[in-house]
Structures are given as structure tokens and as C-alpha cells.
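The file final_39.csv contains CSV, C-alpha atoms and all ligand atoms:
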```
chain,number,residue,atom,x,y,z
A,1,MET,CA,1.5,40.3,29.5
A,2,LYS,CA,1.2,41.6,25.9
A,3,THR,CA,4.9,41.1,25.3
A,4,PHE,CA,4.8,37.7,27.0
A,5,ILE,CA,2.1,36.7,24.5
A,6,GLU,CA,3.7,38.3,21.4
A,7,ASN,CA,7.1,36.6,22.0
A,8,MET,CA,5.7,33.2,22.9
A,9,PRO,CA,6.4,30.4,20.3
A,10,LYS,CA,2.9,29.6,19.0
A,11,ALA,CA,0.9,27.4,16.6
A,12,GLU,CA,-2.1,28.3,14.5
A,13,LEU,CA,-4.5,25.5,13.4
A,14,HIS,CA,-7.5,27.5,12.1
A,15,VAL,CA,-6.6,30.1,9.5
A,16,HIS,CA,-8.1,30.2,6.0
A,17,ILE,CA,-5.5,31.4,3.5
A,18,GLU,CA,-8.1,33.3,1.5
A,19,GLY,CA,-9.1,35.1,4.8
A,20,THR,CA,-5.5,36.5,5.0
A,21,LEU,CA,-5.8,38.5,1.9
A,22,GLU,CA,-5.0,42.1,3.0
A,23,PRO,CA,-6.7,45.0,1.1
A,24,GLU,CA,-3.3,46.3,-0.1
A,25,LEU,CA,-2.4,43.0,-1.8
A,26,SER,CA,-6.0,42.8,-3.1
A,27,PHE,CA,-5.5,46.1,-4.9
A,28,ALA,CA,-2.1,45.2,-6.3
A,29,LEU,CA,-3.4,41.9,-7.7
A,30,ALA,CA,-6.6,43.5,-9.0
A,31,GLN,CA,-4.4,46.0,-11.0
A,32,LYS,CA,-2.1,43.2,-12.3
A,33,ASN,CA,-5.0,40.9,-13.3
A,34,GLY,CA,-7.4,43.6,-14.6
A,35,VAL,CA,-10.1,42.9,-12.0
A,36,THR,CA,-12.4,45.7,-11.0
A,37,LEU,CA,-13.0,46.0,-7.2
A,38,ASN,CA,-16.1,47.6,-5.5
A,39,ALA,CA,-13.9,49.8,-3.3
A,40,LYS,CA,-11.7,52.6,-4.5
A,41,THR,CA,-9.1,52.4,-1.8
A,42,PRO,CA,-8.0,49.8,0.8
A,43,GLU,CA,-9.5,52.0,3.6
A,44,GLU,CA,-12.8,52.0,1.8
A,45,MET,CA,-12.6,48.2,1.4
A,46,ILE,CA,-12.1,47.8,5.2
A,47,ALA,CA,-14.9,50.2,6.0
A,48,ALA,CA,-17.3,47.8,4.1
A,49,TYR,CA,-16.4,44.9,6.4
A,50,ASN,CA,-19.6,45.0,8.5
A,51,PHE,CA,-20.3,41.4,9.2
A,52,HIS,CA,-23.0,40.3,11.7
A,53,ASP,CA,-23.4,36.6,10.8
A,54,LEU,CA,-21.9,33.9,8.7
A,55,PRO,CA,-23.7,34.6,5.4
A,56,SER,CA,-22.9,38.4,5.5
A,57,PHE,CA,-19.3,37.5,6.0
A,58,LEU,CA,-19.2,34.9,3.2
A,59,ASP,CA,-20.6,37.3,0.6
A,60,ILE,CA,-17.7,39.7,1.1
A,61,TYR,CA,-15.2,36.9,1.5
A,62,TYR,CA,-16.0,35.2,-1.8
A,63,ALA,CA,-16.1,38.5,-3.7
A,64,GLY,CA,-12.6,39.3,-2.4
A,65,MET,CA,-11.1,36.1,-4.0
A,66,SER,CA,-11.8,37.3,-7.5
A,67,VAL,CA,-8.3,38.9,-7.7
A,68,LEU,CA,-6.5,35.5,-7.2
A,69,ILE,CA,-5.9,34.1,-10.7
A,70,GLY,CA,-2.4,32.8,-11.3
A,71,GLU,CA,0.0,30.5,-9.4
A,72,GLU,CA,2.2,33.5,-8.4
A,73,ASP,CA,-0.9,35.2,-6.8
A,74,PHE,CA,-1.4,32.2,-4.6
A,75,TYR,CA,2.3,32.1,-3.8
A,76,GLN,CA,2.3,35.8,-2.9
A,77,LEU,CA,-0.8,35.5,-0.7
A,78,THR,CA,0.6,32.5,1.2
A,79,MET,CA,4.1,34.1,1.6
A,80,ALA,CA,2.5,37.3,2.9
A,81,TYR,CA,0.6,35.4,5.5
A,82,LEU,CA,3.6,33.2,6.5
A,83,THR,CA,5.8,36.3,6.8
A,84,ARG,CA,3.2,37.8,9.1
A,85,ALA,CA,3.1,34.5,11.1
A,86,ALA,CA,6.9,34.6,11.5
A,87,GLN,CA,6.7,38.2,12.8
A,88,GLN,CA,4.1,37.0,15.4
A,89,ASN,CA,6.4,34.2,16.5
A,90,ILE,CA,4.1,31.5,15.1
A,91,VAL,CA,6.4,28.6,14.5
A,92,TYR,CA,3.9,26.1,13.1
A,93,VAL,CA,0.7,26.5,11.0
A,94,GLU,CA,-2.0,24.2,9.6
A,95,LEU,CA,-3.4,26.2,6.8
A,96,PHE,CA,-6.9,25.8,5.2
A,97,PHE,CA,-7.5,26.5,1.5
A,98,ASP,CA,-10.8,26.4,-0.4
A,99,PRO,CA,-10.1,24.9,-3.9
A,100,GLN,CA,-13.8,25.0,-4.9
A,101,ALA,CA,-13.9,28.8,-4.4
A,102,HIS,CA,-11.3,29.0,-7.2
A,103,THR,CA,-12.1,26.1,-9.6
A,104,SER,CA,-15.7,27.5,-9.7
A,105,ARG,CA,-14.1,30.7,-11.2
A,106,GLY,CA,-12.1,28.8,-13.7
A,107,VAL,CA,-8.8,28.6,-11.8
A,108,SER,CA,-7.3,25.1,-11.9
A,109,PHE,CA,-6.7,23.0,-8.8
A,110,HIS,CA,-3.1,22.7,-9.9
A,111,THR,CA,-2.6,26.5,-10.0
A,112,VAL,CA,-4.0,26.9,-6.5
A,113,ILE,CA,-2.1,24.1,-4.8
A,114,SER,CA,1.2,24.8,-6.6
A,115,GLY,CA,1.4,28.4,-5.5
A,116,ILE,CA,0.4,27.7,-1.9
A,117,ASP,CA,2.8,24.7,-1.7
A,118,ARG,CA,5.7,26.6,-3.2
A,119,ALA,CA,5.3,29.3,-0.5
A,120,ARG,CA,5.0,26.7,2.2
A,121,THR,CA,8.3,25.2,1.1
A,122,ASP,CA,10.1,28.5,0.9
A,123,ALA,CA,8.7,29.6,4.3
A,124,ALA,CA,10.3,26.6,6.0
A,125,THR,CA,13.8,27.6,4.9
A,126,GLN,CA,13.5,31.4,4.6
A,127,LEU,CA,11.2,32.2,7.5
A,128,ASN,CA,11.6,29.2,9.8
A,129,VAL,CA,7.8,28.7,9.9
A,130,GLU,CA,6.7,25.1,9.4
A,131,CYS,CA,3.3,24.7,7.6
A,132,GLN,CA,1.0,21.9,6.6
A,133,LEU,CA,-2.0,22.2,4.3
A,134,ILE,CA,-5.7,21.3,4.9
A,135,LEU,CA,-8.0,21.1,1.9
A,136,CYS,CA,-11.4,22.5,2.9
A,137,PHE,CA,-14.6,21.6,1.1
A,138,LEU,CA,-17.4,24.2,0.8
A,139,ARG,CA,-20.4,22.6,2.6
A,140,ASP,CA,-22.9,24.7,0.6
A,141,MET,CA,-21.7,22.9,-2.6
A,142,SER,CA,-22.7,19.3,-3.3
A,143,ALA,CA,-21.1,16.2,-1.9
A,144,GLU,CA,-20.4,15.2,-5.5
A,145,SER,CA,-18.3,18.3,-6.0
A,146,ALA,CA,-16.4,17.7,-2.8
A,147,MET,CA,-15.7,14.1,-3.9
A,148,GLN,CA,-14.5,15.4,-7.3
A,149,HIS,CA,-12.1,17.8,-5.6
A,150,LEU,CA,-10.8,15.0,-3.3
A,151,MET,CA,-10.0,13.1,-6.5
A,152,MET,CA,-8.3,16.1,-8.0
A,153,ALA,CA,-6.2,16.3,-4.9
A,154,GLU,CA,-5.0,12.7,-5.1
A,155,PRO,CA,-1.9,13.4,-7.2
A,156,TYR,CA,-0.9,16.0,-4.6
A,157,ILE,CA,-1.7,13.9,-1.6
A,158,ASP,CA,1.9,14.3,-0.2
A,159,LYS,CA,1.3,18.0,0.1
A,160,LEU,CA,-1.7,17.6,2.4
A,161,VAL,CA,-2.1,16.7,6.0
A,162,GLY,CA,-5.9,16.7,6.2
A,163,VAL,CA,-9.3,17.8,5.0
A,164,GLY,CA,-11.9,20.2,6.5
A,165,LEU,CA,-15.4,21.6,5.9
A,166,ASP,CA,-16.3,25.2,5.9
A,167,SER,CA,-18.7,27.8,4.5
A,168,ASP,CA,-22.5,28.1,5.2
A,169,GLU,CA,-23.6,25.5,7.8
A,170,LYS,CA,-27.3,26.2,7.5
A,171,ASN,CA,-29.0,23.0,6.1
A,172,ASN,CA,-25.6,21.6,5.3
A,173,PRO,CA,-25.0,19.0,8.1
A,174,PRO,CA,-21.8,17.1,8.5
A,175,GLU,CA,-23.4,13.8,7.5
A,176,LYS,CA,-24.0,15.2,4.0
A,177,PHE,CA,-20.2,14.6,3.5
A,178,SER,CA,-19.9,11.2,5.2
A,179,ALA,CA,-18.7,9.4,2.1
A,180,VAL,CA,-16.2,12.1,1.2
A,181,PHE,CA,-14.6,12.1,4.7
A,182,ALA,CA,-14.5,8.3,4.9
A,183,LYS,CA,-12.6,8.3,1.6
A,184,ALA,CA,-10.3,11.0,2.8
A,185,ARG,CA,-9.6,8.9,5.9
A,186,ASP,CA,-8.8,5.9,3.7
A,187,MET,CA,-6.3,8.1,1.8
A,188,GLY,CA,-4.4,8.7,5.0
A,189,LEU,CA,-5.7,12.2,5.7
A,190,LYS,CA,-6.7,13.7,9.0
A,191,LEU,CA,-10.3,15.1,9.4
A,192,THR,CA,-11.7,18.2,10.8
A,193,MET,CA,-15.0,20.1,10.3
A,194,HIS,CA,-16.4,23.5,11.2
A,195,CYS,CA,-19.2,23.6,13.8
A,196,ASP,CA,-19.7,27.4,13.7
A,197,VAL,CA,-21.1,29.4,16.6
A,198,ASN,CA,-24.9,29.4,17.2
A,199,GLN,CA,-25.9,27.5,14.1
A,200,ASP,CA,-29.2,25.7,13.6
A,201,ASN,CA,-29.1,22.2,15.0
A,202,THR,CA,-25.6,22.9,16.3
A,203,LEU,CA,-25.6,20.1,19.0
A,204,GLU,CA,-26.8,17.5,16.4
A,205,HIS,CA,-24.0,18.7,14.1
A,206,ILE,CA,-21.4,18.4,16.8
A,207,ARG,CA,-22.7,14.9,17.6
A,208,GLN,CA,-22.4,13.9,13.9
A,209,VAL,CA,-18.8,15.2,13.6
A,210,ILE,CA,-17.7,13.2,16.7
A,211,GLU,CA,-19.8,10.0,16.4
A,212,GLU,CA,-20.4,9.6,12.6
A,213,ILE,CA,-17.6,11.4,10.8
A,214,LYS,CA,-15.2,10.6,13.7
A,215,VAL,CA,-13.1,13.7,13.2
A,216,ASP,CA,-9.7,14.2,14.7
A,217,ARG,CA,-10.5,17.8,15.6
A,218,ILE,CA,-13.4,20.3,15.6
A,219,ASP,CA,-13.2,23.9,14.3
A,220,HIS,CA,-15.0,26.4,16.6
A,221,GLY,CA,-17.4,24.0,18.4
A,222,VAL,CA,-18.1,26.5,21.3
A,223,ASN,CA,-21.7,25.3,21.6
A,224,ILE,CA,-20.5,21.9,22.8
A,225,LEU,CA,-20.7,23.4,26.3
A,226,ALA,CA,-24.5,23.0,26.2
A,227,SER,CA,-24.2,19.2,26.3
A,228,THR,CA,-22.4,17.3,29.1
A,229,GLU,CA,-22.6,14.1,27.0
A,230,LEU,CA,-20.8,15.7,24.0
A,231,CYS,CA,-18.2,17.4,26.3
A,232,ASP,CA,-17.5,14.0,27.9
A,233,LEU,CA,-17.1,12.4,24.4
A,234,ALA,CA,-14.7,15.2,23.2
A,235,LYS,CA,-12.7,14.9,26.4
A,236,ALA,CA,-12.4,11.1,26.2
A,237,LYS,CA,-11.2,11.4,22.6
A,238,LYS,CA,-8.9,14.4,23.5
A,239,LEU,CA,-10.4,16.4,20.6
A,240,GLY,CA,-8.9,19.8,20.0
A,241,LEU,CA,-11.4,22.7,19.6
A,242,THR,CA,-10.0,25.5,17.5
A,243,VAL,CA,-11.7,28.6,19.0
A,244,CYS,CA,-11.5,31.9,17.2
A,245,PRO,CA,-12.3,34.8,19.6
A,246,VAL,CA,-12.4,37.8,17.4
A,247,SER,CA,-14.3,35.9,14.7
A,248,ASN,CA,-16.8,34.9,17.3
A,249,LYS,CA,-17.3,38.5,18.4
A,250,PHE,CA,-18.9,39.3,15.1
A,251,VAL,CA,-21.6,36.7,15.8
A,252,VAL,CA,-22.0,36.7,19.6
A,253,GLN,CA,-20.7,40.2,20.6
A,254,SER,CA,-18.1,38.6,22.9
A,255,LEU,CA,-14.7,37.0,22.5
A,256,THR,CA,-16.2,33.9,24.2
A,257,SER,CA,-13.6,34.2,27.0
A,258,LYS,CA,-16.1,32.8,29.6
A,259,GLU,CA,-16.7,29.8,27.3
A,260,ILE,CA,-13.0,29.2,26.8
A,261,LYS,CA,-12.4,29.3,30.5
A,262,ASP,CA,-15.3,26.8,31.0
A,263,MET,CA,-13.7,24.5,28.4
A,264,LEU,CA,-10.4,24.6,30.3
A,265,ALA,CA,-12.1,23.9,33.6
A,266,LEU,CA,-13.9,20.9,32.1
A,267,GLY,CA,-10.6,19.4,30.8
A,268,LEU,CA,-11.4,20.0,27.1
A,269,THR,CA,-8.6,21.0,24.7
A,270,PRO,CA,-9.5,24.5,23.3
A,271,CYS,CA,-6.8,26.5,21.4
A,272,ILE,CA,-6.9,30.0,20.1
A,273,ASN,CA,-6.8,30.9,16.4
A,274,SER,CA,-7.5,33.8,14.0
A,275,ASP,CA,-9.8,32.3,11.3
A,276,ASP,CA,-9.9,35.1,8.7
A,277,PRO,CA,-7.4,37.6,10.1
A,278,SER,CA,-7.4,40.1,7.3
A,279,TYR,CA,-11.2,40.4,7.3
A,280,PHE,CA,-11.5,40.5,11.1
A,281,ARG,CA,-8.5,42.8,11.4
A,282,ALA,CA,-6.8,40.6,14.0
A,283,TYR,CA,-4.0,38.0,13.7
A,284,LEU,CA,-3.2,35.4,16.3
A,285,ASN,CA,-1.4,37.8,18.7
A,286,GLU,CA,-4.2,40.3,18.6
A,287,ASN,CA,-6.7,37.5,19.3
A,288,LEU,CA,-4.7,36.3,22.4
A,289,VAL,CA,-4.2,39.9,23.7
A,290,ALA,CA,-7.8,40.8,23.3
A,291,LEU,CA,-8.9,37.5,24.9
A,292,GLN,CA,-6.6,38.1,27.9
A,293,GLU,CA,-8.0,41.6,28.4
A,294,GLU,CA,-11.6,40.5,28.2
A,295,GLY,CA,-11.3,37.3,30.3
A,296,GLY,CA,-8.4,38.2,32.6
A,297,PHE,CA,-6.5,35.0,31.8
A,298,SER,CA,-3.5,34.1,33.9
A,299,LYS,CA,-0.1,33.4,32.3
A,300,GLN,CA,-0.5,29.7,33.1
A,301,GLU,CA,-3.9,29.7,31.3
A,302,LEU,CA,-2.4,31.3,28.2
A,303,VAL,CA,0.4,28.9,28.2
A,304,THR,CA,-2.1,26.0,28.5
A,305,LEU,CA,-4.0,27.4,25.5
A,306,VAL,CA,-0.8,27.6,23.4
A,307,GLU,CA,0.3,24.1,24.5
A,308,ASN,CA,-3.1,22.8,23.5
A,309,SER,CA,-2.6,24.1,19.9
A,310,PHE,CA,0.6,22.0,19.6
A,311,LYS,CA,-1.1,19.0,21.3
A,312,ALA,CA,-4.1,19.2,19.0
A,313,SER,CA,-1.9,19.6,15.9
A,314,TRP,CA,-1.3,16.9,13.3
A,315,LEU,CA,2.5,17.0,13.8
A,316,SER,CA,4.3,13.7,14.6
A,317,GLU,CA,4.8,13.0,18.3
A,318,GLU,CA,8.5,14.1,17.8
A,319,GLY,CA,7.3,17.3,16.2
A,320,LYS,CA,4.9,18.0,19.1
A,321,ALA,CA,7.6,17.3,21.7
A,322,HIS,CA,10.1,19.6,19.9
A,323,TYR,CA,7.7,22.6,19.9
A,324,LEU,CA,6.4,21.9,23.4
A,325,ALA,CA,10.0,21.9,24.7
A,326,GLN,CA,10.6,25.2,22.9
A,327,LEU,CA,7.5,26.7,24.6
A,328,ASP,CA,8.7,25.3,28.0
A,329,HIS,CA,12.1,26.8,27.5
A,330,TYR,CA,10.5,30.2,26.7
A,331,VAL,CA,8.2,30.1,29.8
A,332,ALA,CA,11.1,29.0,32.1
A,333,ALA,CA,13.4,31.8,30.8
A,334,LYS,CA,10.6,34.4,31.4
A,335,SER,CA,9.9,33.2,34.9
A,336,ALA,CA,13.6,33.3,35.7
A,337,ALA,CA,14.0,36.8,34.4
A,401,ZN,ZN,-13.0,29.0,9.9
```
Can I see the file as C-alpha cells?
Ligand SMILES: [Zn+2]
Amino acid sequence: MKTFIENMPKAELHVHIEGTLEPELSFALAQKNGVTLNAKTPEEMIAAYNFHDLPSFLDIYYAGMSVLIGEEDFYQLTMAYLTRAAQQNIVYVELFFDPQAHTSRGVSFHTVISGIDRARTDAATQLNVECQLILCFLRDMSAESAMQHLMMAEPYIDKLVGVGLDSDEKNNPPEKFSAVFAKARDMGLKLTMHCDVNQDNTLEHIRQVIEEIKVDRIDHGVNILASTELCDLAKAKKLGLTVCPVSNKFVVQSLTSKEIKDMLALGLTPCINSDDPSYFRAYLNENLVALQEEGGFSKQELVTLVENSFKASWLSEEGKAHYLAQLDHYVAAKSAA
């Protein structure tokens, strides 16, 4: 089963590029850029990753970004992740980046997007990994700041497929960003928002993202299961839910395998993702393998989850058909073997 998972052609729709920063690269960039880190070795850095909720994770996550300064740093970070993706047989990625976490440190929007986009272009030819970019706004910053960053992105609009919303959800409901997301929609971008696990007012937030913001997808969204009405809405709109099992485990002490099975049984469209794989020490394959072990998923259920990630993606219909055929071919060859 492990080999079947590892060799399967897969997509990832919920991964933050800043959350792929491995400690070794962090040390190399710190040395190059003259930045002082709290830890003395990569091992010591990993030992300090003791998250138990969203704020405790975010503190360490934002501190880690201080080593990213120049265009080449963003290029190296993105190339390192996409190389790892290729090794995991991930053929398609929709990658989040958080420009406000960099502009607030004096790094320009141009520097950030240029480095990431150059790696994205190189990965398509050198690694055979297709990648599209999602600009994420930090919800604990103001709606004005989000709008300013959307305007900064306008000259680079051809490099983006969509916008998202992440960071601390407490007291930062989706509707705070209604105008920004309406504007992004007008600019031709797809919309997604995080509805993190077990947040205050989570059902009201999920309702807002579906009914008011009218998103094209929901990130996490596991708590939707508590509302039949919201499940029916998400099902009717065929909304993908990007669930991140190992990330969830830091908050709810489970990989949410039961919830993912319930979603499948209800006809929802969950898919499996890694979120911040360096910090959680698990890339997509490790998420899928751990999930299978916890929940005893069948091969068919795993294939459905991977199919869902292509179906919920923002590829063209031809693009989706291409990758789904590749997956079908893999599954057929494995059953024949
Ligand atoms: Zn996330």
C-alpha cells in the first residue's frame, strides 16, 4: 500500500511555500544573509517545533521567514519544494505564498513573486512538475493591507491562478475581506479561504465563505460535518475541501481519518494535502501513508481522494482530464500486475 501511494501521480492544492522551508536551507540562508537564528543546529530547530494550536505554530512560522531576503532565496526555497514534489510523484501543485509576511519585513512584492515564479517556470521543464500560484492574504492584518497587496499583484496577474486567506482566524471572519475577494474575482482570479479546525464560530465562518464570499474551494473545513445544511451546500456546489491530516493532528490529536471517511460517504470532495510540510515533518506521501494506517483506507478510497485533488484543482477541463487519465492508467497497470 505504501509503494502504491508513493508511486501514484498526485496533486497538492494546500501547501504554503514558506511552510516548506527546511531547517538546513534555513541555516544556509541565515549564514548567507547574516541573520541570527535562535537554534544552533537544524536538529535543535526541529526540537523546538512543539505546536499545539494555530497561534503557537504561527509564532515559529513567521520567525522562520526572516532568512528569506533576496529573489534567489525565494527561487531556492521554491525549487527545493518542487524538487521534493517531483520525488513524491506530485505532478501538479497549487502553491500558496504570503506576500504580506515579506513586505512587512521590507522585502518587495516584486522580489517575492519573481523568485517563486522563476522556480515555477524552471520546474515545469526541468522537473516535469506543473505549478500555479495562489496569493494568500494574512487575515490578522487589515482588509486595507490585503487590498493594497491585491493591487501590487495586478501587474503580475498572469502569474496567479487565485487568492486565499490564512493566518490567525480568531476574530478575523471571512466577511472582513468581502470587498478584497470580490475585487479578486473581478480580476479573474479563483477564490479559496482557510476555515481552520476547531476555530471560534467555525460554522458561521464556513457559511460566510460559501454563501457570502462564494469561494471556489475551502481550505481545511473539517468542521463542516457538524452542519447538514452546509454539507448539502458544499456538495451541491462541488466544493473541494483541502484537508491536511498531519497538520490537524497538532490541534485535534488525530489525523481526522474518521472525518475524511464521513466526508467521502456524504459525497463531499475532500482531498489530502501537507499544509506546512517542513514544520509538520510530513510531505504529501507521508500524510497519505499515515492517514491510511490510522483509518484503514482501501486502495479505492485513496484513489478517490487523489482524483478529488485533480477535480477540485483550478486546471482547465483538458488539464484535469489529462492528469485523471494518467492516474487511471497507473491504477489499471497496478491492478493488472
Ligand atoms: Zn494552510
Could you list, with a cut-off of 7 Å and counting all atoms listed in the file, the residues of chain A near ligand ZN 401 (chain A), each shown with its nearest atom pair and the distance in Å rounded to one decimal, rows sorted by chain and ascending number, as JSON lines?
```
{"residue": "A:His14", "atom": "CA", "partner": "A:ZN401", "partner_atom": "ZN", "distance": 6.1}
{"residue": "A:Val15", "atom": "CA", "partner": "A:ZN401", "partner_atom": "ZN", "distance": 6.5}
{"residue": "A:His16", "atom": "CA", "partner": "A:ZN401", "partner_atom": "ZN", "distance": 6.4}
{"residue": "A:Asp166", "atom": "CA", "partner": "A:ZN401", "partner_atom": "ZN", "distance": 6.4}
{"residue": "A:His194", "atom": "CA", "partner": "A:ZN401", "partner_atom": "ZN", "distance": 6.6}
{"residue": "A:Asp219", "atom": "CA", "partner": "A:ZN401", "partner_atom": "ZN", "distance": 6.7}
{"residue": "A:Asp275", "atom": "CA", "partner": "A:ZN401", "partner_atom": "ZN", "distance": 4.8}
{"residue": "A:Asp276", "atom": "CA", "partner": "A:ZN401", "partner_atom": "ZN", "distance": 6.9}
```
List every protein, DNA or RNA residue that has an atom no more than 9 Å from (-20.4, 23.7, -1.0) in the file's coordinate frame, counting all atoms listed in the file, and report them as a ChimeraX atom specification.
-> /A:100-101,137-143,145-146,165-168,172
For A:Tyr49, which of A:Cys131, A:Leu189, A:Leu327, A:Ala63 is the closest residue, counting only C-alpha atoms?
-> A:Ala63
Find the residues near A:Ile17: any atom within 10 Å, counting all atoms listed in the file, skip ones fewer than 4 places away on the same chain, and give them as a ChimeraX atom specification.
-> /A:21,74,77-78,80-82,95-98,116,133,275-278
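The smallest atom-to-atom distance between A:Ala30 and any of A:Arg281, A:Leu233, A:Ala321, A:Pro42, using all atoms listed in the file, is found for A:Pro42.
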Mind checking which residues fall within 7 Å of stretch 243-246 of chain A, counting only C-alpha atoms, ignoring those fewer than 6 positions away in the same chain, and posting them as a PyMOL selection string?
-> chain A and resi 219-220+255-256+270-275+280+287+291
Atom CA of A:Cys136 to atom CA of A:Asp59, straight-line distance in Å = 17.6 Å
If we draw a sphere of 12 Å around (2.6, 27.0, 23.1), which residues have at least one atom in it when counting all atoms listed in the file? Please report them as an mmCIF file with C-alpha atoms, in the coordinates of the input.
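Output contents, as saved in selection-v5.cif:
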```
data_model
loop_
_atom_site.group_PDB
_atom_site.id
_atom_site.type_symbol
_atom_site.label_atom_id
_atom_site.label_comp_id
_atom_site.auth_asym_id
_atom_site.auth_seq_id
_atom_site.Cartn_x
_atom_site.Cartn_y
_atom_site.Cartn_z
ATOM 1 C CA PHE A 4 4.800 37.700 27.000
ATOM 2 C CA ILE A 5 2.100 36.700 24.500
ATOM 3 C CA GLU A 6 3.700 38.300 21.400
ATOM 4 C CA ASN A 7 7.100 36.600 22.000
ATOM 5 C CA MET A 8 5.700 33.200 22.900
ATOM 6 C CA PRO A 9 6.400 30.400 20.300
ATOM 7 C CA LYS A 10 2.900 29.600 19.000
ATOM 8 C CA ALA A 11 0.900 27.400 16.600
ATOM 9 C CA GLU A 12 -2.100 28.300 14.500
ATOM 10 C CA ASN A 89 6.400 34.200 16.500
ATOM 11 C CA ILE A 90 4.100 31.500 15.100
ATOM 12 C CA VAL A 91 6.400 28.600 14.500
ATOM 13 C CA TYR A 92 3.900 26.100 13.100
ATOM 14 C CA CYS A 271 -6.800 26.500 21.400
ATOM 15 C CA ILE A 272 -6.900 30.000 20.100
ATOM 16 C CA LEU A 288 -4.700 36.300 22.400
ATOM 17 C CA LYS A 299 -0.100 33.400 32.300
ATOM 18 C CA GLN A 300 -0.500 29.700 33.100
ATOM 19 C CA GLU A 301 -3.900 29.700 31.300
ATOM 20 C CA LEU A 302 -2.400 31.300 28.200
ATOM 21 C CA VAL A 303 0.400 28.900 28.200
ATOM 22 C CA THR A 304 -2.100 26.000 28.500
ATOM 23 C CA LEU A 305 -4.000 27.400 25.500
ATOM 24 C CA VAL A 306 -0.800 27.600 23.400
ATOM 25 C CA GLU A 307 0.300 24.100 24.500
ATOM 26 C CA ASN A 308 -3.100 22.800 23.500
ATOM 27 C CA SER A 309 -2.600 24.100 19.900
ATOM 28 C CA PHE A 310 0.600 22.000 19.600
ATOM 29 C CA LYS A 311 -1.100 19.000 21.300
ATOM 30 C CA ALA A 312 -4.100 19.200 19.000
ATOM 31 C CA SER A 313 -1.900 19.600 15.900
ATOM 32 C CA LYS A 320 4.900 18.000 19.100
ATOM 33 C CA ALA A 321 7.600 17.300 21.700
ATOM 34 C CA HIS A 322 10.100 19.600 19.900
ATOM 35 C CA TYR A 323 7.700 22.600 19.900
ATOM 36 C CA LEU A 324 6.400 21.900 23.400
ATOM 37 C CA ALA A 325 10.000 21.900 24.700
ATOM 38 C CA GLN A 326 10.600 25.200 22.900
ATOM 39 C CA LEU A 327 7.500 26.700 24.600
ATOM 40 C CA ASP A 328 8.700 25.300 28.000
ATOM 41 C CA HIS A 329 12.100 26.800 27.500
ATOM 42 C CA TYR A 330 10.500 30.200 26.700
ATOM 43 C CA VAL A 331 8.200 30.100 29.800
#
```
Which one of A:Asn38, A:Ser104, A:Gln88, A:Ser227 sits closest to A:Ala282 if you count only C-alpha atoms?
-> A:Gln88
Exercise: A:Gly221 partners within 10 Å, all atoms listed in the file, chain neighbours under 2 positions left out, as a list in words =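 So, after excluding close chain neighbours, the residues are Met193, His194, Cys195, Asp196, Val197, Asn198, Thr202, Leu203, His205, Ile206, Arg217, Ile218, Asp219, Asn223, Ile224, Leu225, Gly240, Leu241, Thr242, Val243, Cys244 and Pro270 of chain A.
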Smallest atom-to-atom distance to A:Thr125: which of A:Val107, A:Ala47, A:Ala234, A:Ala86, using only C-alpha atoms?
->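 Selected residue with least distance to A:Thr125: A:Ala86.
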Counting only C-alpha atoms, closest pick from A:Ser247, A:Ser66, A:Gln132, A:Ser257 relative to A:Phe51 is A:Ser247
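Across the model, the gap from atom CA of A:Leu127 to atom CA of A:Ala85 is 9.2 Å.
Atom CA of A:Tyr156 is positioned 8.2 Å from atom CA of A:Ile113.
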A:Pro173 proximity check over A:Lys2, A:Arg84, A:Lys237, A:Arg207, using all atoms listed in the file: winner is A:Arg207
